[in-house]
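Engineer: Dumping the structure here so I can ask a few things about it.
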Amino acid sequence: MDAISRFPVPKLEELPQDIRERIVAVQEKSGFVPNVFLTLAHRPDEFRAFFAYHDALMEKKSGLSKAEREMIVVATSGANQCQYCVVAHGAILRIRAKNPLIADQVAVNYRKADITPKQRAMLDFAMKTAVEPWTIGESDFEALRGHGFSDEDIWDIGGVAAFFALSNRMANLINMRPNDEFYMLGRERRQ
């Protein structure tokens with residue numbers, strides 16, 4: 001099996017208690033420890049900051065559903081060629097959307113995915129934020145408002161895209177390997 005990171009991966013028992021407790025809680029909920037937790041624990045202060053910002057964006061009440069936020073992660077991570085985030089968040093998207101097909105569609109080409117015109121507009125803006133942020137202008141905001149997004153929703157779209165652009169770059173830097181468990185989550189099993 002390939003290493004999950006180019007950098008040292010600490011042992012669970014060596015980690016500060018708060019980080020160890022968080023990892024154990026995730027393991028109890030999912031049945032495994034996603035590699036992102038172990039690899040980022042290499043730097044405990046950055047681990048805490050990363051997950052605090054992650055939770056602020058992804059776990060709060062928002063005009064965007066949790067599935068839509070995962071759609072943003074999958075689409076932008078595909079554009080940023082982040083294997084870890086496409087695979088891991090693709091699994092979460094399949095589960096949250098209750099749709100075994102959506103993650104693959106969004107990762108490959110969201111413009112051809114079975115999503116609403118409003119979601120397509122959301123992903124257009126997210127992609128611009130993730131890969132060409134200097135081109136964002138007032139017309140982008142007007143287009144989103146035309147689809148019913150509030151300014152707070154627009155902030156959330158941009159915030160998720162920007163945060164995961166950072167995450168994509170870190171995952172590629174450290175060569176983070178997706179857990180095998182992610183590949184089958186949220187997919188229909190063949191009989």
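In the structure tokens, chains take the letters A, B, ... in the order shown, each chain's residues start at 1, and ligands count up from 1 in the order shown.
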If you count only C-alpha atoms, which residues fall within 7 Å of stretch 138-145 of chain A, apart from same-chain ones fewer than 2 positions away, as a PyMOL selection string?
Structural biologist: chain A and resi 121-122+125+136+147-150
Engineer: May I have the residues within 7 Å of stretch 153-164 of chain A as JSON, numbers by chain, using only C-alpha atoms and disregarding those fewer than 2 positions away in the same chain?
Structural biologist: {"A": [57, 62, 63, 64, 69, 72, 73, 76, 122, 126, 129, 130, 149, 150, 151, 166, 167, 168]}
Engineer: Counting only C-alpha atoms, which of A:Val131, A:Asn179, A:Asp2, A:Ala75 gets nearest to A:Ser30?
Structural biologist: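 Under the stated criterion, the closest residue is A:Asn179.
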Engineer: If we count only C-alpha atoms, what is near A:Pro100 at a cut-off of 9 Å, once residues fewer than 5 positions away on the same chain are taken out, given as a PyMOL selection string?
Structural biologist: chain A and resi 91+93-95+185-188
